[in-house]
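Content type CSV, C-alpha atoms, from the file upload.csv:
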```
chain,number,residue,atom,x,y,z
A,535,MET,CA,-30.7,-2.1,22.5
A,536,ASP,CA,-33.0,-5.1,21.9
A,537,SER,CA,-31.2,-8.5,21.8
A,538,ASN,CA,-33.4,-9.5,18.9
A,539,ASP,CA,-32.0,-6.9,16.6
A,540,ASP,CA,-31.1,-8.1,13.2
A,541,ILE,CA,-27.4,-7.7,12.2
A,542,GLU,CA,-26.2,-7.3,8.7
A,543,ASP,CA,-22.6,-7.6,7.6
A,544,VAL,CA,-22.0,-5.8,4.3
A,545,SER,CA,-18.9,-4.8,2.4
A,546,LEU,CA,-17.5,-1.3,2.8
A,547,PHE,CA,-18.7,0.9,0.0
A,548,ASP,CA,-16.2,1.7,-2.7
A,549,ALA,CA,-13.8,-0.7,-1.1
A,550,ASP,CA,-12.8,-2.4,-4.3
A,551,ASP,CA,-12.3,0.9,-6.0
A,552,ASP,CA,-10.1,2.2,-3.1
A,553,VAL,CA,-8.0,-1.0,-3.1
A,554,SER,CA,-7.5,-1.0,-6.9
A,555,ARG,CA,-6.5,2.7,-6.9
A,556,ARG,CA,-4.0,2.1,-4.1
A,557,SER,CA,-2.6,-1.0,-5.8
A,558,LYS,CA,-2.1,1.0,-9.0
A,559,LYS,CA,-0.4,3.8,-7.0
A,560,SER,CA,1.8,1.4,-5.3
A,561,LYS,CA,2.9,-0.1,-8.6
A,562,ILE,CA,3.7,3.4,-10.0
A,563,ARG,CA,5.8,4.2,-6.9
A,564,SER,CA,9.0,2.3,-7.2
A,565,CYS,CA,10.1,3.2,-3.6
A,566,ASP,CA,8.4,1.2,-0.8
A,567,CYS,CA,9.2,3.4,2.2
A,568,PRO,CA,8.6,1.7,5.6
A,569,VAL,CA,8.9,5.0,7.5
A,570,LEU,CA,5.5,6.1,6.1
A,571,HIS,CA,3.3,4.6,8.9
A,572,SER,CA,0.1,6.8,8.6
A,573,ARG,CA,-1.6,6.6,5.2
A,574,HIS,CA,-4.4,9.0,6.3
A,575,PRO,CA,-2.7,11.7,8.4
A,576,VAL,CA,-5.6,14.2,8.1
A,577,ALA,CA,-8.1,11.5,9.3
A,578,SER,CA,-5.8,10.6,12.1
A,579,PHE,CA,-5.5,14.2,13.2
A,580,PHE,CA,-9.2,14.9,13.2
A,581,HIS,CA,-9.9,11.6,14.9
A,582,LEU,CA,-8.3,13.0,18.0
A,583,PHE,CA,-8.7,16.8,17.4
A,584,PHE,CA,-12.5,17.1,18.1
A,585,ARG,CA,-12.6,14.8,21.1
A,586,VAL,CA,-9.4,16.1,22.7
A,587,SER,CA,-10.5,19.7,22.1
A,588,ALA,CA,-13.8,19.0,23.8
A,589,ILE,CA,-12.0,17.7,26.9
A,590,VAL,CA,-9.6,20.7,26.9
A,591,VAL,CA,-12.4,23.2,26.6
A,592,TYR,CA,-14.3,21.4,29.5
A,593,LEU,CA,-11.2,21.6,31.7
A,594,LEU,CA,-10.3,25.2,30.9
A,595,CYS,CA,-13.6,26.8,30.2
A,596,GLU,CA,-13.9,28.4,33.6
A,597,LEU,CA,-10.5,30.0,33.1
A,598,LEU,CA,-11.2,31.2,29.6
A,599,THR,CA,-14.7,32.7,30.0
A,600,SER,CA,-17.4,33.1,32.6
A,601,SER,CA,-20.2,32.3,30.2
A,602,PHE,CA,-21.5,28.8,30.9
A,603,ILE,CA,-23.7,28.9,27.7
A,604,ALA,CA,-20.7,29.6,25.5
A,605,CYS,CA,-18.7,26.8,27.0
A,606,MET,CA,-21.7,24.4,26.8
A,607,VAL,CA,-22.4,25.2,23.1
A,608,THR,CA,-18.7,24.9,22.2
A,609,ILE,CA,-18.3,21.5,23.9
A,610,ILE,CA,-21.5,20.1,22.4
A,611,LEU,CA,-20.5,21.3,18.9
A,612,LEU,CA,-17.1,19.6,19.3
A,613,LEU,CA,-18.7,16.4,20.5
A,614,SER,CA,-21.2,16.4,17.6
A,615,CYS,CA,-18.5,17.0,15.1
A,616,ASP,CA,-16.4,14.2,16.7
A,617,PHE,CA,-19.4,11.8,16.6
A,618,TRP,CA,-20.1,12.4,12.9
A,619,ALA,CA,-16.4,12.3,11.9
A,620,VAL,CA,-15.6,9.1,13.8
A,621,LYS,CA,-18.8,7.3,12.8
A,622,ASN,CA,-18.6,8.1,9.1
A,623,VAL,CA,-15.1,9.1,8.1
A,624,THR,CA,-12.2,8.1,10.4
A,625,GLY,CA,-13.4,4.6,11.2
A,626,ARG,CA,-13.7,3.9,7.5
A,627,LEU,CA,-10.3,5.2,6.6
A,628,MET,CA,-8.2,4.2,9.6
A,629,VAL,CA,-9.5,0.7,10.4
A,630,GLY,CA,-11.9,-0.1,7.5
A,631,LEU,CA,-15.0,-0.2,9.7
A,632,ARG,CA,-18.3,1.6,9.7
A,633,TRP,CA,-21.6,1.1,11.5
A,634,TRP,CA,-25.1,2.4,11.8
A,635,ASN,CA,-28.5,1.5,13.1
A,636,GLN,CA,-31.7,1.8,11.0
A,637,VAL,CA,-35.4,1.0,11.6
A,638,ASP,CA,-37.4,-0.7,8.9
A,639,ASP,CA,-41.1,-0.2,8.1
A,640,ASP,CA,-42.1,-2.8,10.7
A,641,GLY,CA,-40.3,-0.9,13.4
A,642,ARG,CA,-37.6,-3.5,13.8
A,643,SER,CA,-34.0,-2.3,14.5
A,644,HIS,CA,-31.2,-3.4,12.2
A,645,TRP,CA,-27.5,-3.0,13.0
A,646,VAL,CA,-25.6,-2.7,9.8
A,647,PHE,CA,-21.8,-3.2,9.9
A,648,GLU,CA,-19.4,-2.4,7.0
A,649,ALA,CA,-15.9,-3.9,6.8
A,650,ARG,CA,-13.4,-3.2,4.1
A,651,LYS,CA,-12.5,-6.3,2.1
A,652,VAL,CA,-8.9,-7.5,2.1
A,653,SER,CA,-7.3,-7.0,-1.3
A,654,ALA,CA,-6.5,-10.0,-3.5
A,655,GLN,CA,-2.8,-9.2,-3.3
A,656,GLY,CA,-3.0,-9.6,0.5
A,657,GLY,CA,-2.0,-6.0,1.1
A,658,LYS,CA,-3.2,-4.1,4.2
A,659,THR,CA,-5.4,-1.0,3.6
A,660,SER,CA,-4.7,0.5,7.0
A,661,SER,CA,-1.5,0.7,9.0
A,662,GLU,CA,-0.9,-0.6,12.5
A,663,ALA,CA,-0.1,2.9,13.7
A,664,GLU,CA,-3.5,4.2,12.5
A,665,SER,CA,-5.2,1.3,14.1
A,666,ARG,CA,-3.5,2.0,17.5
A,667,ILE,CA,-4.4,5.7,17.2
A,668,PHE,CA,-8.0,5.0,16.4
A,669,TRP,CA,-8.7,2.5,19.2
A,670,LEU,CA,-6.7,4.4,21.8
A,671,GLY,CA,-8.7,7.6,21.1
A,672,LEU,CA,-11.9,5.7,20.9
A,673,ILE,CA,-11.5,3.9,24.2
A,674,THR,CA,-9.6,6.5,26.3
A,675,CYS,CA,-11.8,9.6,25.8
A,676,PRO,CA,-15.2,8.0,26.8
A,677,MET,CA,-13.4,6.8,30.0
A,678,ILE,CA,-12.3,10.4,30.7
A,679,TRP,CA,-15.9,11.6,30.3
A,680,VAL,CA,-17.1,9.0,32.7
A,681,ILE,CA,-14.6,10.3,35.2
A,682,PHE,CA,-15.9,13.8,34.6
A,683,ALA,CA,-19.4,12.6,35.2
A,684,PHE,CA,-18.5,11.2,38.6
A,685,SER,CA,-16.6,14.3,39.4
A,686,ALA,CA,-19.4,16.6,38.5
A,687,LEU,CA,-21.9,14.4,40.4
A,688,PHE,CA,-19.9,14.3,43.7
A,689,SER,CA,-18.9,17.9,43.5
A,690,PHE,CA,-22.5,19.0,43.0
A,691,LYS,CA,-21.8,20.7,39.7
A,692,VAL,CA,-25.3,20.0,38.5
A,693,LYS,CA,-25.2,22.5,35.6
A,694,TRP,CA,-22.3,20.5,34.0
A,695,LEU,CA,-24.0,17.1,34.3
A,696,ALA,CA,-25.9,17.7,31.0
A,697,VAL,CA,-22.7,18.5,29.1
A,698,VAL,CA,-20.8,15.5,30.7
A,699,VAL,CA,-23.6,13.1,30.0
A,700,MET,CA,-23.7,14.3,26.4
A,701,GLY,CA,-20.0,13.5,26.1
A,702,VAL,CA,-20.5,10.0,27.6
A,703,VAL,CA,-23.5,9.2,25.4
A,704,LEU,CA,-22.0,10.4,22.0
A,705,GLN,CA,-18.5,9.0,22.5
A,706,GLY,CA,-19.8,5.9,24.2
A,707,ALA,CA,-22.2,5.2,21.3
A,708,ASN,CA,-19.3,5.2,18.9
A,709,LEU,CA,-17.3,3.0,21.2
A,710,TYR,CA,-20.2,0.5,21.5
A,711,GLY,CA,-20.9,0.6,17.7
A,712,TYR,CA,-17.3,-0.1,16.7
A,713,ILE,CA,-16.8,-2.8,19.3
A,714,ARG,CA,-19.9,-4.6,17.9
A,715,CYS,CA,-18.7,-3.9,14.4
A,716,LYS,CA,-15.2,-5.4,15.2
A,717,VAL,CA,-16.3,-8.3,17.3
A,718,GLY,CA,-19.8,-9.1,16.0
A,719,SER,CA,-23.2,-9.6,17.6
A,720,ARG,CA,-23.9,-10.2,21.3
A,721,LYS,CA,-24.1,-13.9,20.6
A,722,ASN,CA,-20.5,-13.8,19.4
A,723,LEU,CA,-19.4,-11.8,22.4
A,724,THR,CA,-21.1,-14.4,24.7
A,725,SER,CA,-19.4,-17.3,22.8
A,726,MET,CA,-16.0,-15.6,23.0
A,727,ALA,CA,-16.4,-15.1,26.8
A,728,THR,CA,-17.6,-18.7,27.3
A,729,SER,CA,-14.7,-20.0,25.2
A,730,TYR,CA,-12.2,-17.9,27.2
A,731,LEU,CA,-13.6,-19.0,30.6
A,732,GLY,CA,-13.5,-22.7,29.4
A,733,LYS,CA,-9.9,-22.4,28.4
A,734,GLN,CA,-8.9,-20.9,31.7
A,735,PHE,CA,-10.8,-23.6,33.6
A,736,LEU,CA,-9.1,-26.3,31.5
A,737,ARG,CA,-5.7,-24.8,32.2
A,738,GLN,CA,-6.4,-24.6,35.9
A,739,THR,CA,-7.6,-28.2,36.0
A,740,MET,CA,-4.6,-29.5,34.2
A,741,ALA,CA,-2.2,-27.5,36.5
A,742,THR,CA,-4.0,-29.0,39.5
A,743,GLU,CA,-3.6,-32.5,38.1
A,744,ASP,CA,0.1,-32.0,37.4
A,745,GLN,CA,0.6,-30.8,41.0
A,746,ALA,CA,-1.2,-33.8,42.4
A,747,ALA,CA,0.7,-36.2,40.2
A,748,SER,CA,4.1,-34.7,41.3
```

Take the structure in the file and write it out as structure tokens.
Amino acid sequence: MDSNDDIEDVSLFDADDDVSRRSKKSKIRSCDCPVLHSRHPVASFFHLFFRVSAIVVYLLCELLTSSFIACMVTIILLLSCDFWAVKNVTGRLMVGLRWWNQVDDDGRSHWVFEARKVSAQGGKTSSEAESRIFWLGLITCPMIWVIFAFSALFSFKVKWLAVVVMGVVLQGANLYGYIRCKVGSRKNLTSMATSYLGKQFLRQTMATEDQAAS
């Protein structure tokens, strides 16, 4: 993607309405149960269902059926459903983030990031359990598809390369989009890396001076 892409940060749609509804519900409920970790169990389920199902079908398809076309179509459908659900639904509900890329009339690419606003009462709109589930599934599954890609390449399973590449592209796109949505633009990524390296260099220098002084 072009490094000159414009980046817009906008508020998550219907964020204020969602927060106000939840605050009203929390006031109505007199019991604050700490055991209730997941506020969106259906979204958490489908966040993992499609992507895990695609991996399971890929691993077991040769045992279940001899039709390569049926396996390929099933896996691609699962990957497509996963891409849409994670990009538009589960990311918004589980971590309060959403992203997309649009091209204006001049042909310039714009990255648009949405982030849910923090409520005035300081309450969290997503639980830590949901956040862990979201990022674990988002990061782990693309890594598995990369392993499948190398495995198919080195074992000369050429017919499976298209399916595996589709898995890497679709799930990798969501991973890339949410990382940029969470962290910010490439400039922010560069500044964070520079700051981290600077701190490490400073610590090493101070440790060396302490050893020399002693």

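A straight line drawn from CA of Cys715 in chain A to CA of Trp633 in chain A is 6.5 Å long.
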
Tyr592 in chain A environment, 10 Å, all atoms listed in the file, sequence neighbours closer than 6 positions dropped, as a compact mmCIF listing (two decimals) with C-alpha atoms, keeping the file's coordinate frame:
```txt
# COMPACT_ATOMS: atom_id res chain seq x y z
CA VAL A 586 -9.40 16.10 22.70
CA CYS A 605 -18.70 26.80 27.00
CA MET A 606 -21.70 24.40 26.80
CA THR A 608 -18.70 24.90 22.20
CA ILE A 609 -18.30 21.50 23.90
CA TRP A 679 -15.90 11.60 30.30
CA PHE A 682 -15.90 13.80 34.60
CA TRP A 694 -22.30 20.50 34.00
CA VAL A 697 -22.70 18.50 29.10
CA VAL A 698 -20.80 15.50 30.70
```

Original post:
Is there a way to get, as a PyMOL selection string, all residues within 12 Å of the point (-10.4, 2.2, 21.1) in file coordinates, counting only C-alpha atoms?
Top reply: chain A and resi 581-582+620+625+628-629+664-677+705-706+708-713+716

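In this structure, CA of Lys621 in chain A sits 28.1 Å away from CA of Lys693 in chain A.
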
Subject >> Option closest in space to Val590 in chain A, from A:Leu736, A:Ala683, A:Leu613, A:Ala707 [counting all atoms listed in the file] >> reply: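 Comparing A:Leu736, A:Ala683, A:Leu613, A:Ala707 against Val590 in chain A, the winner is A:Leu613.
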
**OP:** Record the distance separating CA of Phe602 in chain A and CA of Phe688 in chain A, expressed in Å with one decimal.
**Re:**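 CA of Phe602 in chain A sits 19.4 Å away from CA of Phe688 in chain A.
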
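In this comparison, which uses all atoms listed in the file, the residue of A:Val607, A:Leu598, A:Leu593, A:Ala619 approaching Val576 in chain A most closely is A:Ala619.
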
Original post:
Restricting the calculation to only C-alpha atoms, which member of A:Ala588, A:Ala577, A:Val646, A:Leu597 is positioned closest to Cys615 in chain A?
Top reply: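 Result for the nearest residue to Cys615 in chain A: A:Ala588.
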